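J.: For reference, this is data_18.cif, and it has mmCIF, C-alpha atoms.
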data_start
#
loop_
_atom_site.label_atom_id
_atom_site.label_comp_id
_atom_site.auth_asym_id
_atom_site.auth_seq_id
_atom_site.Cartn_x
_atom_site.Cartn_y
_atom_site.Cartn_z
CA MET N 1 64.32 2.82 47.25
CA LYS N 2 60.67 2.55 48.23
CA LEU N 3 59.50 0.27 51.01
CA VAL N 4 56.26 -0.98 52.45
CA LEU N 5 56.23 -0.91 56.24
CA ALA N 6 53.94 -3.61 57.62
CA SER N 7 53.63 -1.98 61.03
CA GLY N 8 51.47 0.71 62.54
CA SER N 9 54.04 1.61 65.21
CA PRO N 10 54.73 5.35 65.22
CA ARG N 11 58.23 4.67 66.57
CA ARG N 12 59.18 2.44 63.62
CA ARG N 13 57.74 4.98 61.22
CA GLU N 14 59.84 7.70 62.81
CA ILE N 15 63.06 5.67 62.62
CA LEU N 16 62.58 4.88 58.91
CA GLU N 17 61.67 8.50 58.18
CA ASN N 18 64.79 9.76 59.93
CA LEU N 19 66.90 7.37 57.88
CA GLY N 20 65.53 8.98 54.74
CA PHE N 21 63.33 6.19 53.39
CA GLU N 22 60.15 6.65 51.42
CA PHE N 23 57.54 4.11 52.37
CA GLU N 24 53.89 3.25 52.49
CA ILE N 25 52.32 1.82 55.64
CA ILE N 26 50.00 -1.18 55.33
CA THR N 27 48.88 -2.98 58.46
CA THR N 28 46.97 -6.23 59.02
CA ASP N 29 46.06 -8.22 62.10
CA ALA N 30 47.85 -11.31 60.80
CA GLU N 31 49.93 -11.77 63.96
CA ASP N 32 46.82 -12.33 66.07
CA GLU N 33 46.37 -15.77 64.53
CA ILE N 34 49.86 -17.01 65.30
CA GLU N 35 50.26 -19.56 68.11
CA THR N 36 53.53 -18.98 69.95
CA ASP N 37 52.95 -20.58 73.36
CA GLY N 38 56.04 -22.11 74.89
CA MET N 39 58.40 -21.04 72.11
CA PRO N 40 61.72 -19.28 72.77
CA PRO N 41 61.45 -15.48 72.44
CA ASP N 42 63.81 -15.14 69.43
CA LYS N 43 61.64 -17.62 67.52
CA VAL N 44 58.43 -15.86 68.58
CA VAL N 45 59.52 -12.42 67.30
CA CYS N 46 60.69 -13.90 63.99
CA MET N 47 57.39 -15.72 63.48
CA LEU N 48 55.31 -12.66 64.34
CA ALA N 49 57.34 -10.39 62.04
CA GLU N 50 57.09 -12.95 59.25
CA ALA N 51 53.31 -13.27 59.69
CA LYS N 52 52.86 -9.47 59.49
CA GLY N 53 55.19 -9.16 56.50
CA LYS N 54 53.81 -12.10 54.51
CA ALA N 55 50.22 -10.94 54.95
CA VAL N 56 51.13 -7.56 53.44
CA LEU N 57 53.27 -9.10 50.69
CA LYS N 58 50.22 -11.12 49.59
CA MET N 59 48.27 -7.90 49.15
CA LEU N 60 50.77 -6.47 46.65
CA SER N 61 50.35 -7.10 42.93
CA ALA N 62 52.83 -9.45 41.23
CA GLU N 63 54.59 -6.53 39.47
CA ASP N 64 55.04 -4.60 42.70
CA ASP N 65 58.64 -5.31 43.70
CA ARG N 66 58.87 -3.01 46.72
CA LEU N 67 60.48 -4.53 49.79
CA VAL N 68 58.01 -5.31 52.56
CA VAL N 69 59.47 -4.70 56.02
CA ALA N 70 57.93 -5.99 59.23
CA ALA N 71 59.19 -6.15 62.81
CA ASP N 72 58.04 -7.37 66.18
CA THR N 73 59.68 -6.40 69.48
CA VAL N 74 59.48 -8.01 72.90
CA VAL N 75 61.15 -7.52 76.24
CA THR N 76 62.44 -10.76 77.76
CA PHE N 77 63.42 -11.30 81.34
CA ASP N 78 64.58 -14.62 82.80
CA GLY N 79 63.74 -16.24 79.45
CA LYS N 80 60.11 -15.10 79.62
CA ILE N 81 58.38 -12.54 77.46
CA LEU N 82 57.09 -9.37 79.10
CA GLY N 83 54.27 -7.94 77.02
CA LYS N 84 52.41 -4.67 77.40
CA PRO N 85 51.06 -4.29 80.94
CA LYS N 86 47.28 -4.61 81.36
CA ASP N 87 47.11 -1.98 84.07
CA ARG N 88 49.16 0.12 86.50
CA GLU N 89 49.49 -2.75 88.98
CA GLU N 90 51.03 -5.02 86.37
CA ALA N 91 53.28 -2.23 85.11
CA LYS N 92 54.53 -1.72 88.66
CA LYS N 93 55.31 -5.42 89.03
CA MET N 94 57.23 -5.39 85.76
CA LEU N 95 59.32 -2.34 86.71
CA LYS N 96 60.05 -3.81 90.15
CA SER N 97 61.27 -7.04 88.60
CA LEU N 98 63.48 -5.19 86.08
CA SER N 99 64.98 -2.88 88.76
CA GLY N 100 68.74 -3.27 89.21
CA ARG N 101 68.90 -6.14 86.70
CA ASN N 102 69.57 -6.64 83.05
CA HIS N 103 67.07 -7.81 80.46
CA LEU N 104 67.03 -8.41 76.73
CA VAL N 105 65.01 -6.62 74.10
CA MET N 106 64.49 -8.74 71.01
CA THR N 107 63.21 -7.70 67.64
CA GLY N 108 62.27 -10.03 64.82
CA LEU N 109 62.77 -8.53 61.38
CA TYR N 110 61.21 -9.73 58.15
CA ILE N 111 62.09 -8.35 54.72
CA GLY N 112 60.42 -9.84 51.67
CA SER N 113 59.52 -8.94 48.12
CA ASN N 114 58.12 -10.39 44.93
CA GLY N 115 61.03 -12.01 43.14
CA LYS N 116 63.90 -10.88 45.37
CA GLY N 117 63.57 -13.42 48.15
CA THR N 118 63.06 -12.98 51.87
CA ALA N 119 65.04 -12.60 55.07
CA ASN N 120 63.86 -13.29 58.61
CA VAL N 121 66.24 -12.66 61.52
CA SER N 122 66.23 -11.50 65.10
CA ALA N 123 68.41 -8.96 66.92
CA LYS N 124 68.91 -8.54 70.63
CA THR N 125 70.09 -5.69 72.84
CA GLU N 126 70.89 -5.88 76.53
CA VAL N 127 69.46 -3.23 78.84
CA TYR N 128 70.73 -2.63 82.39
CA PHE N 129 68.25 -0.95 84.69
CA LYS N 130 69.24 1.25 87.62
CA ASN N 131 68.08 0.34 91.09
CA LEU N 132 64.66 1.95 91.04
CA SER N 133 63.28 3.41 94.26
CA ASN N 134 59.55 3.02 94.93
CA GLU N 135 59.27 6.78 94.61
CA LEU N 136 60.78 6.73 91.11
CA ILE N 137 58.58 3.82 90.03
CA GLU N 138 55.45 5.62 91.23
CA ALA N 139 56.53 8.88 89.60
CA TYR N 140 57.16 7.07 86.31
CA LEU N 141 53.81 5.30 86.52
CA ASP N 142 52.17 8.70 87.08
CA THR N 143 53.46 9.82 83.68
CA GLU N 144 51.38 6.99 82.13
CA GLU N 145 54.09 6.40 79.58
CA TYR N 146 54.09 2.68 80.46
CA ALA N 147 50.64 2.00 79.02
CA ASP N 148 51.44 0.85 75.49
CA LYS N 149 55.03 -0.31 76.06
CA ALA N 150 56.33 -3.86 76.27
CA GLY N 151 58.09 -4.21 79.64
CA ALA N 152 56.21 -1.12 80.90
CA TYR N 153 58.82 1.49 79.87
CA GLY N 154 59.74 3.52 76.80
CA ILE N 155 63.48 4.13 76.44
CA GLN N 156 62.90 6.89 73.87
CA GLY N 157 60.91 8.98 76.36
CA LYS N 158 60.97 9.54 80.11
CA GLY N 159 61.87 5.85 80.54
CA ALA N 160 65.45 6.80 79.53
CA VAL N 161 66.06 7.79 83.16
CA LEU N 162 65.45 4.20 84.31
CA VAL N 163 68.29 2.87 82.18
CA GLU N 164 71.91 2.76 83.32
CA ASN N 165 73.47 1.16 80.30
CA ILE N 166 72.73 -0.65 77.04
CA VAL N 167 74.81 -3.12 75.04
CA GLY N 168 73.86 -3.45 71.38
CA ASP N 169 71.79 -1.57 68.82
CA TYR N 170 69.82 1.23 70.53
CA PHE N 171 67.16 1.39 67.82
CA ASN N 172 66.43 -2.28 68.38
CA ILE N 173 65.09 -1.32 71.83
CA VAL N 174 62.86 1.30 70.26
CA GLY N 175 61.54 -1.36 67.87
CA PHE N 176 63.62 -1.43 64.72
CA PRO N 177 67.12 -3.00 64.46
CA VAL N 178 68.68 -0.46 62.12
CA ASN N 179 72.09 -2.12 61.84
CA LYS N 180 70.67 -5.61 61.04
CA PHE N 181 68.28 -4.03 58.53
CA TYR N 182 71.15 -2.28 56.75
CA GLU N 183 73.26 -5.44 56.81
CA ILE N 184 70.47 -7.42 55.10
CA LEU N 185 69.76 -4.68 52.57
CA THR N 186 73.40 -4.55 51.51
CA GLU N 187 74.25 -8.23 51.72
CA LYS N 188 71.08 -9.88 50.49
CA PHE N 189 69.26 -7.28 48.43
CA GLY N 190 72.33 -5.53 47.00
CA VAL N 191 71.20 -2.11 48.12
CA ASN N 192 74.06 0.19 49.09
CA MET N 193 72.66 3.39 50.45
CA PRO N 194 73.48 4.77 53.87
CA GLY N 195 71.14 7.65 53.06
CA GLY N 196 68.10 5.42 52.90
CA GLY N 197 66.02 6.34 49.91
CA GLY N 198 67.45 9.82 49.69
CA THR N 199 70.18 9.22 47.14
CA GLN N 200 68.61 6.46 45.07
CA MET M 1 61.31 21.34 98.34
CA THR M 2 62.70 24.59 96.95
CA ASP M 3 61.84 25.52 93.42
CA PHE M 4 64.75 25.84 91.04
CA LYS M 5 65.38 27.07 87.55
CA LEU M 6 67.63 25.13 85.23
CA CYS M 7 69.83 27.04 82.83
CA VAL M 8 71.51 24.89 80.20
CA LEU M 9 74.45 25.37 77.89
CA ALA M 10 74.54 22.35 75.58
CA ARG M 11 74.13 21.53 71.91
CA PRO M 12 70.57 21.12 70.55
CA GLU M 13 70.67 17.28 70.49
CA ALA M 14 71.65 17.29 74.16
CA ARG M 15 68.80 19.65 75.05
CA GLU M 16 66.39 17.39 73.15
CA VAL M 17 67.20 14.64 75.65
CA LEU M 18 65.96 16.96 78.42
CA ASP M 19 62.81 17.68 76.41
CA LYS M 20 61.94 14.03 75.91
CA THR M 21 62.56 13.15 79.55
CA GLY M 22 60.32 15.97 80.76
CA ILE M 23 62.97 18.21 82.36
CA SER M 24 62.25 21.87 81.71
CA TYR M 25 65.09 24.37 81.28
CA GLU M 26 66.06 27.63 79.70
CA THR M 27 68.94 28.00 77.28
CA TYR M 28 72.06 29.83 78.40
CA THR M 29 73.72 31.98 75.81
CA ALA M 30 77.34 32.86 76.46
CA GLU M 31 78.11 36.55 75.91
CA SER M 32 81.46 35.91 74.29
CA PRO M 33 82.90 32.97 72.35
CA PHE M 34 84.43 30.23 74.51
CA LYS M 35 86.47 27.10 74.10
CA ILE M 36 86.19 24.00 76.23
CA GLU M 37 89.34 21.94 76.08
CA LYS M 38 89.74 20.76 79.62
CA GLU M 39 87.78 20.39 82.83
CA GLU M 40 88.95 23.79 84.16
CA ASP M 41 87.40 25.53 81.12
CA LEU M 42 84.10 23.91 81.96
CA LEU M 43 84.31 24.95 85.61
CA MET M 44 85.24 28.52 84.66
CA LEU M 45 82.34 28.80 82.27
CA CYS M 46 79.96 27.37 84.86
CA LYS M 47 81.19 29.83 87.54
CA LYS M 48 80.70 32.71 85.10
CA ALA M 49 77.13 31.60 84.28
CA VAL M 50 76.38 31.17 88.00
CA SER M 51 77.65 34.70 88.74
CA GLU M 52 75.20 36.07 86.17
CA SER M 53 72.21 34.18 87.60
CA ASP M 54 70.05 34.39 90.71
CA GLU M 55 70.47 31.99 93.64
CA LYS M 56 67.65 29.74 92.50
CA THR M 57 69.23 28.98 89.17
CA ILE M 58 71.12 25.76 88.63
CA VAL M 59 73.55 25.95 85.73
CA LEU M 60 74.18 22.85 83.62
CA ILE M 61 76.90 22.75 80.99
CA SER M 62 77.57 19.76 78.81
CA HIS M 63 80.55 19.12 76.58
CA THR M 64 81.25 15.96 74.56
CA ASP M 65 84.46 14.81 72.90
CA LEU M 66 84.98 11.83 70.63
CA TYR M 67 88.07 9.69 71.06
CA SER M 68 89.50 6.99 68.82
CA ASP M 69 92.81 5.32 69.70
CA ASN M 70 93.19 7.86 72.53
CA GLU M 71 93.12 10.70 70.03
CA LYS M 72 90.49 13.43 70.00
CA ILE M 73 88.48 13.47 66.76
CA GLY M 74 86.88 16.77 65.79
CA VAL M 75 84.52 18.01 63.11
CA PRO M 76 85.88 17.61 59.55
CA LYS M 77 86.47 20.80 57.58
CA ASN M 78 85.63 19.35 54.18
CA GLU M 79 84.58 16.19 52.30
CA ALA M 80 88.12 14.88 51.97
CA GLU M 81 88.70 15.13 55.71
CA ALA M 82 85.31 13.56 56.43
CA LYS M 83 86.26 10.56 54.29
CA ARG M 84 89.60 10.18 56.05
CA MET M 85 87.87 10.24 59.43
CA LEU M 86 85.34 7.59 58.46
CA GLU M 87 88.16 5.40 57.12
CA LYS M 88 89.91 5.76 60.46
CA LEU M 89 86.79 4.92 62.51
CA SER M 90 85.65 2.06 60.22
CA GLY M 91 85.34 -1.34 61.90
CA LYS M 92 86.56 -0.05 65.26
CA LYS M 93 85.37 1.06 68.64
CA HIS M 94 85.36 4.75 69.53
CA PHE M 95 84.29 6.62 72.63
CA PHE M 96 81.98 9.53 73.33
CA VAL M 97 83.07 11.22 76.53
CA THR M 98 80.72 13.80 78.02
CA ARG M 99 81.55 16.07 80.90
CA LEU M 100 78.66 17.63 82.73
CA CYS M 101 79.18 20.59 85.02
CA LEU M 102 76.45 21.43 87.50
CA GLY M 103 76.61 24.44 89.81
CA GLY M 104 74.73 27.38 91.28
CA GLY M 105 71.58 27.20 93.33
CA GLY M 106 73.74 27.58 96.43
CA GLN M 107 76.24 24.86 95.48
CA LEU M 108 79.76 24.94 94.08
CA PRO M 109 80.23 23.68 90.52
CA GLU M 110 81.00 20.00 90.16
CA THR M 111 81.78 17.92 87.10
CA VAL M 112 80.98 14.30 86.23
CA LYS M 113 82.14 12.26 83.29
CA ALA M 114 80.26 9.63 81.27
CA GLU M 115 81.73 7.43 78.59
CA THR M 116 79.86 5.49 75.90
CA ALA M 117 81.54 3.17 73.41
CA VAL M 118 80.29 2.82 69.85
CA THR M 119 81.41 -0.01 67.60
CA MET M 120 81.26 0.80 63.94
CA LYS M 121 80.82 -1.79 61.21
CA PRO M 122 83.63 -2.04 58.66
CA LEU M 123 82.85 0.48 55.90
CA ASP M 124 83.81 0.10 52.26
CA LYS M 125 84.69 2.97 49.94
CA THR M 126 81.23 3.13 48.34
CA GLU M 127 79.56 3.43 51.73
CA ILE M 128 81.92 6.19 52.83
CA ASP M 129 81.52 8.08 49.55
CA SER M 130 77.73 7.85 49.51
CA TYR M 131 77.48 8.84 53.18
CA VAL M 132 79.68 11.89 52.70
CA ALA M 133 77.62 12.82 49.60
CA LEU M 134 74.59 13.15 51.90
CA ASN M 135 76.30 16.18 53.38
CA ASP M 136 75.51 15.00 56.91
CA TYR M 137 79.08 14.97 58.21
CA ALA M 138 79.38 18.13 60.31
CA TYR M 139 79.87 16.13 63.50
CA ASP M 140 82.83 14.96 65.55
CA GLY M 141 83.96 11.86 63.65
CA ALA M 142 82.08 12.90 60.46
CA TYR M 143 78.89 10.93 61.07
CA SER M 144 75.77 11.03 63.23
CA PRO M 145 75.48 7.77 65.18
CA THR M 146 71.91 8.62 66.18
CA GLY M 147 70.78 9.92 62.77
CA LYS M 148 71.49 8.76 59.23
CA GLY M 149 74.83 7.39 60.38
CA SER M 150 73.05 4.85 62.63
CA PHE M 151 73.33 2.35 59.76
CA PHE M 152 77.03 2.17 60.60
CA VAL M 153 76.60 1.52 64.31
CA ARG M 154 76.95 -2.14 65.14
CA GLY M 155 76.53 -1.61 68.85
CA VAL M 156 76.58 0.81 71.74
CA ASN M 157 77.91 0.16 75.24
CA GLY M 158 76.88 2.74 77.82
CA ASP M 159 74.23 5.42 78.15
CA PHE M 160 72.89 5.97 74.63
CA ASN M 161 71.91 9.59 75.33
CA ASN M 162 75.51 10.36 76.18
CA ILE M 163 76.30 10.16 72.44
CA ASN M 164 74.02 13.17 72.04
CA GLY M 165 75.74 14.93 74.93
CA MET M 166 73.30 14.30 77.76
CA PRO M 167 74.04 11.28 79.98
CA ILE M 168 70.63 11.44 81.56
CA SER M 169 71.32 8.75 84.14
CA LYS M 170 74.35 10.63 85.50
CA LEU M 171 72.50 13.96 85.39
CA THR M 172 69.53 12.77 87.44
CA GLU M 173 71.90 11.19 89.99
CA LEU M 174 73.80 14.45 90.36
CA LEU M 175 70.63 16.57 90.64
CA ASN M 176 69.56 14.29 93.44
CA LYS M 177 72.92 14.20 95.23
CA LYS M 178 73.60 17.94 95.04
CA TYR M 179 70.13 19.45 95.36
CA GLY M 180 67.90 16.63 96.62
CA ILE M 181 65.87 16.92 93.42
CA THR M 182 64.22 13.66 92.42
CA LEU M 183 62.40 12.82 89.22
CA ALA M 184 59.20 12.64 91.22
CA ASN M 185 59.81 16.28 92.22
CA ILE M 186 60.48 17.23 88.62
CA TRP M 187 57.64 15.34 86.95
CA THR M 188 54.83 15.66 89.45
CA LYS M 189 55.69 18.65 91.65
CA GLY M 190 57.32 20.72 88.92
CA CYS M 191 60.19 21.81 91.16
CA ILE M 192 62.20 22.93 88.16
CA LYS M 193 60.33 25.86 86.69
CA ASN M 194 61.36 28.11 83.87
CA ASP M 195 59.06 30.81 82.71
#
Is it possible to express this structure as structure tokens?
T.:
Amino acid sequence: MKLVLASGSPRRREILENLGFEFEIITTDAEDEIETDGMPPDKVVCMLAEAKGKAVLKMLSAEDDRLVVAADTVVTFDGKILGKPKDREEAKKMLKSLSGRNHLVMTGLYIGSNGKGTANVSAKTEVYFKNLSNELIEAYLDTEEYADKAGAYGIQGKGAVLVENIVGDYFNIVGFPVNKFYEILTEKFGVNMPGGGGTQ
Amino acid sequence: MTDFKLCVLARPEAREVLDKTGISYETYTAESPFKIEKEEDLLMLCKKAVSESDEKTIVLISHTDLYSDNEKIGVPKNEAEAKRMLEKLSGKKHFFVTRLCLGGGGQLPETVKAETAVTMKPLDKTEIDSYVALNDYAYDGAYSPTGKGSFFVRGVNGDFNNINGMPISKLTELLNKKYGITLANIWTKGCIKND
């Protein structure tokens, strides 16, 4: 089973590779034109994933029936979206607000293809942060891992030490809801293949 | 802050968690085969490793068991057993229980336990058969919840890294409590050095 991944995220690429899929990466800047002000986070991630996916689907020829997969991930706290921090100061504020509390990581997933229909859903995972001392926050900021991460931490790297507990799909936090993806592939697209593309 | 060495006996996936969180270590190789079935085995092994090391070496041993319905689930011996295990785990919650033992560096060995629950989606026969055909079942419970088997994982409750045998949250707490080592010391001052 060959896919088209409409995302430039190295973390999503790695997850799909580990699952055994073969895929091509095509990226656009379609999501930049989407207006999402004031919308609930689950709606926002679905819209952004759909915009990325549809833009790539349009670029495929009519005979190309590969599934286009797109995703968008945000960190939400108190109902608000935390994006990528602009600078160290903002990253520090984010980590301080997340300290000792729980937040939600939401990913919107879009799967579409010529002739086989589309799916657009969101998945959420709860993350419980430890109580972070100022010393730990500063040490983490020094690693500069926060720079390109929504919510100012990366759970797949050194940021793992900030997390006490998660409830839900781990890979959703990293940026790709593996279980939802598999559920849609099997239920909607009739693909039954725990080995990704490997056995098909 | 004293400088320490960290000597680790754990499976490769567990050591990878240390790599990605920036904790340096050296790998401990036991001279003779060993079996860890209970906490005392872990303590014995840790004491032995400590006795072979210098006073600046902290020894860390990790051991993980998988439990379903209060029963320990091991590694399947063949395809047929792998299929039976997956049928048993299908649609239910099971638990990864890791025991860490930390000792040496002037301190007596101490163990901590971390438990992470994994809920598996209900699997049908085709899914089980095609998963087993991938030949990726040499794990406790016959699947890899963090690898190709992640398709089957509906949800996790606990420290995710514990599934791979390294509850990183518990480890950093214990390093701090026992030795006063903080992550700031590790990341920026390099107080754990292995050369």
J.: With distances taken over all atoms listed in the file, which of M:Glu55, M:Glu79, M:Asp140, M:Asp69 is nearest to M:Leu108?
T.: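 Looking at the shortest contact to M:Leu108, the residue is M:Glu55.
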J.: Please, what distance in Å, to one decimal, runs between atom CA of M:Cys46 and atom CA of N:Lys158?
T.: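 It comes out at 26.5 Å.
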J.: Of the residues N:Gly175, N:Gly83, N:Gly38, N:Gly100, which is the one nearest to N:Asn131, using only C-alpha atoms?
T.: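 Residue with the minimum atom-to-atom distance to N:Asn131: N:Gly100.
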J.: Quick one: residues within 6 Å of stretch 118-131 of chain M, all atoms listed in the file counted, chain neighbours fewer than 2 positions away excluded, as a VMD selection string?
T.: (chain N and resid 194) or (chain M and resid 90 to 94 133 to 134 152 to 156)
J.: When the PyMOL selection byres ((chain M and resi 17-23) around 12) is applied to the file above, which residues end up in the set, as a PyMOL selection string?
T.: (chain N and resi 139-140+143+145+154-162) or (chain M and resi 4-16+24-27+60+62+159-169+171-172+175+181-194)
J.: Residues of chain N within 7 Å of chain M: nearest atom pair and distance (Å, one decimal) for each, counting only C-alpha atoms, sorted by chain and number, as CSV?
T.:
residue,atom,partner,partner_atom,distance
N:Asn18,CA,M:Gly147,CA,6.6
N:Leu19,CA,M:Lys148,CA,5.0
N:Glu135,CA,M:Ala184,CA,6.8
N:Leu136,CA,M:Ala184,CA,6.1
N:Ala139,CA,M:Ala184,CA,4.9
N:Gly157,CA,M:Lys20,CA,5.2
N:Lys158,CA,M:Thr21,CA,4.0
N:Ala160,CA,M:Thr21,CA,7.0
N:Val161,CA,M:Ser169,CA,5.4
N:Val163,CA,M:Ser169,CA,6.9
N:Glu164,CA,M:Ser169,CA,6.1
N:Asn165,CA,M:Gly158,CA,4.5
N:Ile166,CA,M:Gly158,CA,5.4
N:Val167,CA,M:Asn157,CA,4.5
N:Gly168,CA,M:Gly155,CA,4.1
N:Asp169,CA,M:Gly155,CA,4.7
N:Tyr170,CA,M:Val156,CA,6.9
N:Val178,CA,M:Phe151,CA,5.9
N:Asn179,CA,M:Phe151,CA,5.1
N:Tyr182,CA,M:Phe151,CA,5.9
N:Asn192,CA,M:Glu127,CA,6.9
N:Met193,CA,M:Ser130,CA,6.8
N:Pro194,CA,M:Tyr131,CA,5.7
N:Gly195,CA,M:Lys148,CA,6.3
J.: Once 3 Å is added on each side, what centre and edge lengths in Å to one decimal does the axis-aligned box around all listed atoms of stretch 141-159 of chain N have, as AutoDock Vina command-line options?
T.:
--center_x 57.1 --center_y 2.8 --center_z 80.5 --size_x 18.8 --size_y 20.0 --size_z 19.2
J.: Quick one, how far is atom CA of M:Glu81 from atom CA of M:Arg99?
T.: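 Computed distance, atom CA of M:Glu81 to atom CA of M:Arg99, equals 26.2 Å.
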J.: Restricting the calculation to all atoms listed in the file: of M:Thr98, M:Thr111, M:Thr64, M:Thr2, which residue gets closest to M:Glu40?
T.: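 Of all the options, M:Thr111 lies closest to M:Glu40.
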J.: Name the residues, using the chain letters and numbers of the file, that sit within 12 Å of (52.4, -6.2, 47.2) when counting only C-alpha atoms, and give them as JSON, numbers by chain.
T.: {"N": [3, 4, 5, 6, 24, 25, 26, 53, 54, 55, 56, 57, 58, 59, 60, 61, 62, 63, 64, 65, 66, 67, 68, 69, 112, 113, 114, 115]}
J.: By how many Å are atom CA of N:Val75 and atom CA of N:Val105 apart?
T.: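 Separating atom CA of N:Val75 from atom CA of N:Val105 is a distance of 4.5 Å.
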J.: Apply the PyMOL selection byres ((chain N and resi 106) around 10) to the structure shown and report the selected residues as a PDB file with C-alpha atoms, keeping the file's coordinate frame.
T.:
ATOM      1  CA  PRO N  41      61.450 -15.480  72.440  1.00  0.00           C
ATOM      2  CA  ASP N  42      63.810 -15.140  69.430  1.00  0.00           C
ATOM      3  CA  LYS N  43      61.640 -17.620  67.520  1.00  0.00           C
ATOM      4  CA  VAL N  44      58.430 -15.860  68.580  1.00  0.00           C
ATOM      5  CA  VAL N  45      59.520 -12.420  67.300  1.00  0.00           C
ATOM      6  CA  CYS N  46      60.690 -13.900  63.990  1.00  0.00           C
ATOM      7  CA  ASP N  72      58.040  -7.370  66.180  1.00  0.00           C
ATOM      8  CA  THR N  73      59.680  -6.400  69.480  1.00  0.00           C
ATOM      9  CA  VAL N  74      59.480  -8.010  72.900  1.00  0.00           C
ATOM     10  CA  VAL N  75      61.150  -7.520  76.240  1.00  0.00           C
ATOM     11  CA  THR N  76      62.440 -10.760  77.760  1.00  0.00           C
ATOM     12  CA  ILE N  81      58.380 -12.540  77.460  1.00  0.00           C
ATOM     13  CA  HIS N 103      67.070  -7.810  80.460  1.00  0.00           C
ATOM     14  CA  LEU N 104      67.030  -8.410  76.730  1.00  0.00           C
ATOM     15  CA  VAL N 105      65.010  -6.620  74.100  1.00  0.00           C
ATOM     16  CA  THR N 107      63.210  -7.700  67.640  1.00  0.00           C
ATOM     17  CA  GLY N 108      62.270 -10.030  64.820  1.00  0.00           C
ATOM     18  CA  LEU N 109      62.770  -8.530  61.380  1.00  0.00           C
ATOM     19  CA  SER N 122      66.230 -11.500  65.100  1.00  0.00           C
ATOM     20  CA  ALA N 123      68.410  -8.960  66.920  1.00  0.00           C
ATOM     21  CA  LYS N 124      68.910  -8.540  70.630  1.00  0.00           C
ATOM     22  CA  THR N 125      70.090  -5.690  72.840  1.00  0.00           C
ATOM     23  CA  GLU N 126      70.890  -5.880  76.530  1.00  0.00           C
ATOM     24  CA  ASN N 172      66.430  -2.280  68.380  1.00  0.00           C
ATOM     25  CA  ILE N 173      65.090  -1.320  71.830  1.00  0.00           C
ATOM     26  CA  GLY N 175      61.540  -1.360  67.870  1.00  0.00           C
ATOM     27  CA  PHE N 176      63.620  -1.430  64.720  1.00  0.00           C
ATOM     28  CA  PRO N 177      67.120  -3.000  64.460  1.00  0.00           C
TER      29      PRO N 177
END
J.: Skipping near chain neighbours, those fewer than 5 positions away, what residues fall within 8 Å of M:Leu42 using only C-alpha atoms, listed as a VMD selection string?
T.: chain M and resid 36 61 101
J.: For the PyMOL selection byres ((chain M and resi 66-68) around 6), applied here, can you spell out every residue it catches as a list in words?
T.: Asp65, Asp69, Asn70, Glu71, Lys72, Ile73, His94, Phe95 and Phe96 of chain M
J.: Let me make sure I understand: among M:Arg84, M:His63, M:Lys56, M:Lys47, which one has the smallest atom-to-atom distance to M:Gly103 if we use all atoms listed in the file?
T.: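 When distances to M:Gly103 are compared using all atoms listed in the file, the smallest one comes from M:Lys47.
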J.: Return the single residue from N:Arg88, N:Lys188, N:Lys149, N:Lys130 that is closest to N:Arg101, with distances computed using only C-alpha atoms.
T.: N:Lys130
